[in-house]
2 protein chains.
Amino acid sequence: MAGSRPKSGPTMHDVAAAAGVSQATVSLVLNSASGSRFSEETRRKVRDAVNRLGYRTNAHAKTLREGVAGMIGFIGDTVATTPFAGAIIEGAQQRAWEDGLLLLTVNTGGDKELEAASLDTMLSYKVAGVVYAGMYHRRLDVPEALTGVRSVVLNSQDRAGRVASVAPDEVTGGYAATQRLLQAGHSRIALINIETLESGLPAAVGRYDGYRKALEEAGLELDPDLVRFGSGGEEDGYKYAMELLTSSNPPTAIFCANDRGAWGAYQAVSDLRLSIPGDVSVVGFDNQATLAPFLRPGLTTFELPFVAMGRRAVELILQDAEPDGRVELMDCPLIERNSVTHPKETP
Amino acid sequence: MAGSRPKSGPTMHDVAAAAGVSQATVSLVLNSASGSRFSEETRRKVRDAVNRLGYRTNAHAKTLREGVAGMIGFIGDTVATTPFAGAIIEGAQQRAWEDGLLLLTVNTGGDKELEAASLDTMLSYKVAGVVYAGMYHRRLDVPEALTGVRSVVLNSQDRAGRVASVAPDEVTGGYAATQRLLQAGHSRIALINIETLESGLPAAVGRYDGYRKALEEAGLELDPDLVRFGSGGEEDGYKYAMELLTSSNPPTAIFCANDRGAWGAYQAVSDLRLSIPGDVSVVGFDNQATLAPFLRPGLTTFELPFVAMGRRAVELILQDAEPDGRVELMDCPLIERNSVTHPKETP
DNA sequence: TTTCAGTAGTTATTCGTATAACCGGCTCAA
DNA sequence: TTGAGCCGGTTATACGAATAACTACTGAAA
């Protein structure tokens with residue numbers, strides 16, 4: 001009538017009965033990888049019964065015996081809602097599945113109470129480990145409950161330096177972006193950064209450092225007039241690009257430390273009746289999926305390796321190393337489109 | 001010393017020993033909501049021991065007895081990677097957590113084999129139900145393994161009409177979008193659709209139907225010259241907007257059935273040295289987070305209710321109704337920005 | 001004085017699987 | 001002829017929590 005019984009499906013005992021063997025035999029036949037322990041006849045009977053009944057193992061019973069579940073916890077502040085970062089979950093899940101594990105995901109939205117409670121539930125499910133992902137690259141505090149639990153910080157870094165972290169290599173990214181413009185022949189290269197250096201934001205500081213390092217190696221002086229610090233919005237991209245391009249000694253190329261800023265720069269260039277890349281080359285950062293490919297011309301930019309990072313984080317959990325504070329930085333690959341060319345007048 | 005023992009933490013027996021009572025007492029004290037069955041003294045001893053040892057219940061043992069786990073499976077084709085649809089997971093997870101349940105998520109990327117295998121694993125975890133989410137609104141086939149399992153199709157519809165579905169109300173959305181322009185005083189309203197009607201795509205067909213219905217109710221003739229069918233890209237938005245606006249009898253407003261198309265239309269308007277909304281009003285659809293708010297002027301559009309749909313899908317699973325093929329359509333709220341105003345010359 | 005009800009717990013069993021320990025029968029070498 | 005060793009299984013038990021069924025005791029009513 002009303003109630004719906006859990007409808008638990010056949011158990012190993014049912015299979016054993018159907019096959020005319022003991023439950024232990026079923027278990028051994030199904031699990032022993034190497035075992036030529038049973039006769040082919042018996043194995044066949046067991047497999048037949050399994051198929052006939054549609055038997056499916058009960059993961060909880062298994063976990064109860066073995067102590068660890070085939071699941072990995074994934075906690076993100078709001079990573080799933082951040083448009084481009086869903087890929088991070090995708091990567092984590094891919095890698096987990098390669099080892100037959102599933103992902104138990106929670107987005108806390110920054111709510112520490114929810115975080116603690118859901119983490120607690122996760123641990124009660126005996127997850128094999130926990131990935132703690134930040135929405136953007138920063139230094140964060142790992143919840144206390146994770147001490148003693150195999151865990152990895154993803155797209156951020158453990159401030160305390162205890163838990164291993166996986167994050168994008170901002171310095172190398174900034175370096176490569178500047179290099180790309182240097183190689184094209186530019187020497188007056190502006191930088192529109194996403195934040196001040198004082199913010200300590202790894203993305204802002206790192207990309208700046210890479211920019212500086214590339215110029216230095218090229219034997220170029222860093223011109224402070226060519227470096228602007230905004231807040232990451234396209235308005236700032238617009239404003240600073242406008243200032244730079246209308247200055248007395250304008251740059252021939254702009255490295256925008258994020259794609260949104262680049263978009264603003266595009267609008268400024270358009271308003272000035274200039275063109276990209278003819279009059280000014282632009283390189284972005286983030287490879288924002290809903291933006292970079294659709295700009296005209298397509299924006300040459302660098303991709304945050306979300307999938308790769310997600311994969312790597314899970315991998316670190318799977319190879320149960322001792323928890324060290326190591327920080328693994330992953331390369332941001334260049335996505336070549338059409339916003340870079342030689343400077344106009346080569347002196 | 002290499003191996004790392006699972007480190008299973010204290011059990012109820014340990015707590016019982018520490019408190020000087022039996023395991024059953026611990027269980028009853030911790031779970032009996034109404035029970036004034038035990039003395040305050042005993043309850044205190046138990047709670048003290050729980051805190052002292054840091055006891056955490058073993059969810060698998062619990063599930064093994066009870067038959068159903070505190071988890072809901074979430075299978076998406078590539079929903080997590082779709083930039084704007086991460087919110088759908090967010091909504092599902094929110095609602096699940098309100099009942100203390102966690103989400104077991106898998107993105108199959110359309111891989112049917114992975115889908116079957118991971119679904120199997122999910123079911124072996126005795127999930128309370130499964131949400132089967134489509135990346136975009138369409139009619140899809142529910143995997144066989146879900147028959148008999150409590151499940152809901154999300155952001156799509158079960159082609160077979162067996163499983164309940166939750167999807168956006170495209171018709172009402174298209175109707176409201178057209179209404180918005182009619183109310184502003186427009187009577188020549190173009191539609192740039194995202195697909196042909198033959199495609200059967202609910203978003204394309206539904207939004208068109210809403211458009212038609214709104215015009216009809218306003219006593220206006222549907223002018224076929226004002227309706228274009230593209231492929232959803234911004235190039236088509238550009239192309240058709242250009243055609244429409246340069247025609248002999250141009251529209252005063254355009255309803256773009258998606259924001260990307262609207263973006264293309266913006267570019268066309270800009271290239272024609274016209275302005276939005278002064279010369280032409282534009283309404284979009286999707287409220288694409290990384291696009292709609294950043295266009296100048298901000299794009300008035302309609303939001304796909306991802307969070308609400310995710311919530312509703314889980315809700316349907318929680319209130320274990322008999323599986324019916326019901327399709328619940330959810331409203332797409334208007335996001336008012338600045339791309340709509342009165343037509344220029346009111347005759 | 002017996003009976004009944006209530007209080008405050010305990011004991012025993014169950015869920016489904018994995019595995020250690022065992023067992024009967026057979027072969028083969030000493 | 002005995003015993004060691006293998007083959008092909010079975011029996012028994014443990015994992016951790018929930019709960020039905022029971023016990024031991026107290027106090028009050030009949």
# chains A, B, ... in the order shown; residues from 1 in each chain; ligands from 1

$ interface_residues --of "chain A" --to "chain C" --cutoff "8 Å" --atoms "only C-alpha atoms (C1' of nucleotides)" --output "ChimeraX atom specification"
/A:11-12,27,58,61-62,65

$ residues_around --residues "region 18-25 of chain A" --least-positions-apart "3" --cutoff "9 Å" --atoms "only C-alpha atoms (C1' of nucleotides)" --output "ChimeraX atom specification"
/A:12-15,28-30,38,42-43,45-50,53 /C:17-19 /D:9-10

$ closest_atom_pairs --of "chain A" --to "chain B" --cutoff "7 Å" --atoms "only C-alpha atoms" --output "Markdown table"
| residue | atom | partner | partner_atom | distance |
| --- | --- | --- | --- | --- |
| A:Pro6 | CA | B:Gly67 | CA | 6.1 |
| A:Ser8 | CA | B:Gly67 | CA | 6.6 |
| A:Arg56 | CA | B:Ser124 | CA | 6.2 |
| A:Thr57 | CA | B:Ser124 | CA | 5.8 |
| A:Asn58 | CA | B:Ser124 | CA | 5.1 |
| A:Ala59 | CA | B:Tyr125 | CA | 5.2 |
| A:His60 | CA | B:His60 | CA | 4.8 |
| A:Ala61 | CA | B:Leu64 | CA | 6.1 |
| A:Thr63 | CA | B:His60 | CA | 6.8 |
| A:Leu64 | CA | B:His60 | CA | 5.9 |
| A:Gly67 | CA | B:Pro6 | CA | 6.1 |
| A:Val68 | CA | B:Pro6 | CA | 6.6 |
| A:Ala80 | CA | B:Gly86 | CA | 4.9 |
| A:Thr81 | CA | B:Gly86 | CA | 4.9 |
| A:Pro83 | CA | B:Pro83 | CA | 4.4 |
| A:Phe84 | CA | B:Pro83 | CA | 5.7 |
| A:Gly86 | CA | B:Thr81 | CA | 4.9 |
| A:Ala87 | CA | B:Thr81 | CA | 5.2 |
| A:Glu90 | CA | B:Asn107 | CA | 6.7 |
| A:Gln93 | CA | B:Val106 | CA | 6.9 |
| A:Leu103 | CA | B:Leu104 | CA | 5.9 |
| A:Leu104 | CA | B:Leu104 | CA | 4.7 |
| A:Thr105 | CA | B:Leu103 | CA | 5.9 |
| A:Val106 | CA | B:Gln93 | CA | 6.9 |
| A:Asn107 | CA | B:Glu90 | CA | 6.7 |
| A:Ser124 | CA | B:Asn58 | CA | 5.1 |
| A:Tyr125 | CA | B:Ala59 | CA | 5.2 |
| A:Thr290 | CA | B:Thr290 | CA | 6.6 |

$ select_by_dssp --residues "region 43-127 of chain A" --states "strand (DSSP E)" --output "MDAnalysis selection string"
chainID A and resid 71:76 102:107

$ write_last_selection --atoms "all heavy atoms" --output "PDB file, in the first residue's frame"
ATOM      1  N   MET A  71      34.880   6.353  -1.984  1.00  0.00           N
ATOM      2  CA  MET A  71      34.414   7.712  -2.280  1.00  0.00           C
ATOM      3  C   MET A  71      35.455   8.718  -1.816  1.00  0.00           C
ATOM      4  O   MET A  71      36.161   8.493  -0.835  1.00  0.00           O
ATOM      5  CB  MET A  71      33.106   7.998  -1.553  1.00  0.00           C
ATOM      6  CG  MET A  71      31.983   7.041  -1.875  1.00  0.00           C
ATOM      7  SD  MET A  71      30.401   7.563  -1.190  1.00  0.00           S
ATOM      8  CE  MET A  71      30.711   7.400   0.551  1.00  0.00           C
ATOM      9  N   ILE A  72      35.493   9.825  -2.513  1.00  0.00           N
ATOM     10  CA  ILE A  72      36.369  10.925  -2.120  1.00  0.00           C
ATOM     11  C   ILE A  72      35.485  12.146  -1.908  1.00  0.00           C
ATOM     12  O   ILE A  72      34.615  12.430  -2.728  1.00  0.00           O
ATOM     13  CB  ILE A  72      37.425  11.193  -3.202  1.00  0.00           C
ATOM     14  CG1 ILE A  72      38.441  10.047  -3.211  1.00  0.00           C
ATOM     15  CG2 ILE A  72      38.126  12.522  -2.968  1.00  0.00           C
ATOM     16  CD1 ILE A  72      39.547  10.213  -4.213  1.00  0.00           C
ATOM     17  N   GLY A  73      35.697  12.826  -0.822  1.00  0.00           N
ATOM     18  CA  GLY A  73      34.925  14.030  -0.561  1.00  0.00           C
ATOM     19  C   GLY A  73      35.482  15.216  -1.322  1.00  0.00           C
ATOM     20  O   GLY A  73      36.697  15.344  -1.474  1.00  0.00           O
ATOM     21  N   PHE A  74      34.592  16.048  -1.826  1.00  0.00           N
ATOM     22  CA  PHE A  74      35.024  17.267  -2.510  1.00  0.00           C
ATOM     23  C   PHE A  74      34.261  18.439  -1.911  1.00  0.00           C
ATOM     24  O   PHE A  74      33.040  18.528  -2.054  1.00  0.00           O
ATOM     25  CB  PHE A  74      34.740  17.159  -4.008  1.00  0.00           C
ATOM     26  CG  PHE A  74      35.260  18.324  -4.809  1.00  0.00           C
ATOM     27  CD1 PHE A  74      36.399  18.184  -5.597  1.00  0.00           C
ATOM     28  CD2 PHE A  74      34.626  19.550  -4.768  1.00  0.00           C
ATOM     29  CE1 PHE A  74      36.891  19.246  -6.324  1.00  0.00           C
ATOM     30  CE2 PHE A  74      35.118  20.621  -5.491  1.00  0.00           C
ATOM     31  CZ  PHE A  74      36.249  20.471  -6.278  1.00  0.00           C
ATOM     32  N   ILE A  75      34.998  19.305  -1.241  1.00  0.00           N
ATOM     33  CA  ILE A  75      34.372  20.481  -0.648  1.00  0.00           C
ATOM     34  C   ILE A  75      34.870  21.719  -1.365  1.00  0.00           C
ATOM     35  O   ILE A  75      36.073  21.940  -1.482  1.00  0.00           O
ATOM     36  CB  ILE A  75      34.728  20.598   0.842  1.00  0.00           C
ATOM     37  CG1 ILE A  75      34.249  19.353   1.587  1.00  0.00           C
ATOM     38  CG2 ILE A  75      34.131  21.848   1.449  1.00  0.00           C
ATOM     39  CD1 ILE A  75      34.356  19.464   3.076  1.00  0.00           C
ATOM     40  N   GLY A  76      33.947  22.516  -1.863  1.00  0.00           N
ATOM     41  CA  GLY A  76      34.344  23.758  -2.512  1.00  0.00           C
ATOM     42  C   GLY A  76      33.585  24.901  -1.886  1.00  0.00           C
ATOM     43  O   GLY A  76      32.470  24.703  -1.418  1.00  0.00           O
ATOM     44  N   LEU A 102      33.940   7.316  -6.482  1.00  0.00           N
ATOM     45  CA  LEU A 102      32.989   8.378  -6.778  1.00  0.00           C
ATOM     46  C   LEU A 102      33.297   9.594  -5.910  1.00  0.00           C
ATOM     47  O   LEU A 102      33.991   9.501  -4.901  1.00  0.00           O
ATOM     48  CB  LEU A 102      31.557   7.916  -6.510  1.00  0.00           C
ATOM     49  CG  LEU A 102      31.003   6.873  -7.463  1.00  0.00           C
ATOM     50  CD1 LEU A 102      29.561   6.542  -7.114  1.00  0.00           C
ATOM     51  CD2 LEU A 102      31.083   7.363  -8.899  1.00  0.00           C
ATOM     52  N   LEU A 103      32.737  10.716  -6.338  1.00  0.00           N
ATOM     53  CA  LEU A 103      32.963  11.971  -5.631  1.00  0.00           C
ATOM     54  C   LEU A 103      31.714  12.355  -4.846  1.00  0.00           C
ATOM     55  O   LEU A 103      30.606  12.352  -5.365  1.00  0.00           O
ATOM     56  CB  LEU A 103      33.255  13.070  -6.658  1.00  0.00           C
ATOM     57  CG  LEU A 103      34.502  13.909  -6.462  1.00  0.00           C
ATOM     58  CD1 LEU A 103      35.714  13.038  -6.248  1.00  0.00           C
ATOM     59  CD2 LEU A 103      34.705  14.816  -7.656  1.00  0.00           C
ATOM     60  N   LEU A 104      31.939  12.680  -3.590  1.00  0.00           N
ATOM     61  CA  LEU A 104      30.862  13.167  -2.739  1.00  0.00           C
ATOM     62  C   LEU A 104      31.068  14.671  -2.648  1.00  0.00           C
ATOM     63  O   LEU A 104      32.012  15.128  -2.005  1.00  0.00           O
ATOM     64  CB  LEU A 104      31.009  12.511  -1.366  1.00  0.00           C
ATOM     65  CG  LEU A 104      29.817  12.290  -0.463  1.00  0.00           C
ATOM     66  CD1 LEU A 104      28.670  11.686  -1.224  1.00  0.00           C
ATOM     67  CD2 LEU A 104      30.220  11.382   0.682  1.00  0.00           C
ATOM     68  N   THR A 105      30.211  15.455  -3.317  1.00  0.00           N
ATOM     69  CA  THR A 105      30.523  16.885  -3.431  1.00  0.00           C
ATOM     70  C   THR A 105      29.627  17.762  -2.585  1.00  0.00           C
ATOM     71  O   THR A 105      28.444  17.499  -2.426  1.00  0.00           O
ATOM     72  CB  THR A 105      30.361  17.365  -4.882  1.00  0.00           C
ATOM     73  OG1 THR A 105      29.027  17.115  -5.285  1.00  0.00           O
ATOM     74  CG2 THR A 105      31.306  16.649  -5.792  1.00  0.00           C
ATOM     75  N   VAL A 106      30.228  18.813  -2.083  1.00  0.00           N
ATOM     76  CA  VAL A 106      29.486  19.836  -1.352  1.00  0.00           C
ATOM     77  C   VAL A 106      30.023  21.209  -1.718  1.00  0.00           C
ATOM     78  O   VAL A 106      31.231  21.412  -1.754  1.00  0.00           O
ATOM     79  CB  VAL A 106      29.614  19.627   0.172  1.00  0.00           C
ATOM     80  CG1 VAL A 106      29.070  20.824   0.913  1.00  0.00           C
ATOM     81  CG2 VAL A 106      28.880  18.382   0.607  1.00  0.00           C
ATOM     82  N   ASN A 107      29.129  22.113  -1.992  1.00  0.00           N
ATOM     83  CA  ASN A 107      29.509  23.520  -2.122  1.00  0.00           C
ATOM     84  C   ASN A 107      29.010  24.237  -0.896  1.00  0.00           C
ATOM     85  O   ASN A 107      27.820  24.224  -0.618  1.00  0.00           O
ATOM     86  CB  ASN A 107      28.860  24.149  -3.348  1.00  0.00           C
ATOM     87  CG  ASN A 107      29.143  23.349  -4.583  1.00  0.00           C
ATOM     88  OD1 ASN A 107      28.236  22.815  -5.198  1.00  0.00           O
ATOM     89  ND2 ASN A 107      30.403  23.243  -4.926  1.00  0.00           N
TER      90      ASN A 107
END

$ closest_residue --among "B:Ser32, B:Gln319, B:Ser270, B:Thr300" --to "chain D" --atoms "only C-alpha atoms (C1' of nucleotides)"
B:Ser32

$ interface_residues --of "chain D" --to "chain A" --cutoff "9 Å" --atoms "only C-alpha atoms (C1' of nucleotides)" --output "list of chain:residue names"
D:DC7, D:DG8, D:DG9, D:DT10, D:DA14, D:DC15, D:DG16

$ select_by_dssp --residues "region 101-224 of chain B" --states "alpha helix (DSSP H)" --output "MDAnalysis selection string"
chainID B and resid 112:124 170:183 202:217

$ write_last_selection --atoms "C-alpha atoms" --output "PDB file, in the first residue's frame"
ATOM      1  CA  LYS B 112      27.102   5.867 -21.936  1.00  0.00           C
ATOM      2  CA  GLU B 113      29.474   3.263 -20.637  1.00  0.00           C
ATOM      3  CA  LEU B 114      30.699   5.506 -17.871  1.00  0.00           C
ATOM      4  CA  GLU B 115      27.109   6.417 -17.181  1.00  0.00           C
ATOM      5  CA  ALA B 116      26.072   2.820 -16.726  1.00  0.00           C
ATOM      6  CA  ALA B 117      29.083   1.923 -14.627  1.00  0.00           C
ATOM      7  CA  SER B 118      28.885   4.896 -12.324  1.00  0.00           C
ATOM      8  CA  LEU B 119      25.153   4.542 -11.989  1.00  0.00           C
ATOM      9  CA  ASP B 120      25.760   0.974 -10.946  1.00  0.00           C
ATOM     10  CA  THR B 121      28.197   2.089  -8.305  1.00  0.00           C
ATOM     11  CA  MET B 122      25.750   4.687  -7.087  1.00  0.00           C
ATOM     12  CA  LEU B 123      23.058   2.099  -6.725  1.00  0.00           C
ATOM     13  CA  SER B 124      25.422  -0.157  -4.838  1.00  0.00           C
ATOM     14  CA  GLU B 170      10.137  27.966 -22.273  1.00  0.00           C
ATOM     15  CA  VAL B 171       6.735  28.977 -23.545  1.00  0.00           C
ATOM     16  CA  THR B 172       5.983  31.239 -20.636  1.00  0.00           C
ATOM     17  CA  GLY B 173       9.502  32.594 -20.924  1.00  0.00           C
ATOM     18  CA  GLY B 174       9.120  33.448 -24.583  1.00  0.00           C
ATOM     19  CA  TYR B 175       5.719  34.898 -23.842  1.00  0.00           C
ATOM     20  CA  ALA B 176       7.032  37.088 -21.042  1.00  0.00           C
ATOM     21  CA  ALA B 177       9.960  38.299 -23.104  1.00  0.00           C
ATOM     22  CA  THR B 178       7.661  39.369 -25.918  1.00  0.00           C
ATOM     23  CA  GLN B 179       5.238  40.869 -23.423  1.00  0.00           C
ATOM     24  CA  ARG B 180       8.005  42.943 -21.955  1.00  0.00           C
ATOM     25  CA  LEU B 181       8.590  44.515 -25.363  1.00  0.00           C
ATOM     26  CA  LEU B 182       4.901  44.911 -26.122  1.00  0.00           C
ATOM     27  CA  GLN B 183       4.389  46.683 -22.822  1.00  0.00           C
ATOM     28  CA  PRO B 202      12.096  22.597 -26.427  1.00  0.00           C
ATOM     29  CA  ALA B 203      13.907  25.892 -25.902  1.00  0.00           C
ATOM     30  CA  ALA B 204      13.552  26.855 -29.552  1.00  0.00           C
ATOM     31  CA  VAL B 205      10.018  25.644 -30.026  1.00  0.00           C
ATOM     32  CA  GLY B 206       8.787  26.854 -26.670  1.00  0.00           C
ATOM     33  CA  ARG B 207      10.206  30.345 -26.871  1.00  0.00           C
ATOM     34  CA  TYR B 208       8.826  30.688 -30.366  1.00  0.00           C
ATOM     35  CA  ASP B 209       5.387  29.557 -29.221  1.00  0.00           C
ATOM     36  CA  GLY B 210       5.461  32.078 -26.409  1.00  0.00           C
ATOM     37  CA  TYR B 211       6.433  34.795 -28.848  1.00  0.00           C
ATOM     38  CA  ARG B 212       3.623  33.849 -31.178  1.00  0.00           C
ATOM     39  CA  LYS B 213       1.092  33.659 -28.386  1.00  0.00           C
ATOM     40  CA  ALA B 214       2.013  37.070 -27.005  1.00  0.00           C
ATOM     41  CA  LEU B 215       1.689  38.712 -30.417  1.00  0.00           C
ATOM     42  CA  GLU B 216      -1.597  36.974 -31.011  1.00  0.00           C
ATOM     43  CA  GLU B 217      -3.029  38.117 -27.720  1.00  0.00           C
TER      44      GLU B 217
END

$ atom_distance --atom1 "CA of Ala184 (chain B)" --atom2 "CA of His342 (chain B)"
5.1 Å

$ atom_distance --atom1 "C1' of DC25 (chain D)" --atom2 "CA of Ala17 (chain B)"
23.6 Å

$ closest_residue --among "A:Asp169, A:Asn51, A:Val269, A:Ala308" --to "Asp331 (chain A)" --atoms "only C-alpha atoms"
A:Asp169

$ residues_around --residues "Ser187 (chain A)" --least-positions-apart "2" --cutoff "8 Å" --atoms "only C-alpha atoms (C1' of nucleotides)" --output "PyMOL selection string"
chain A and resi 182+185+189+220+252
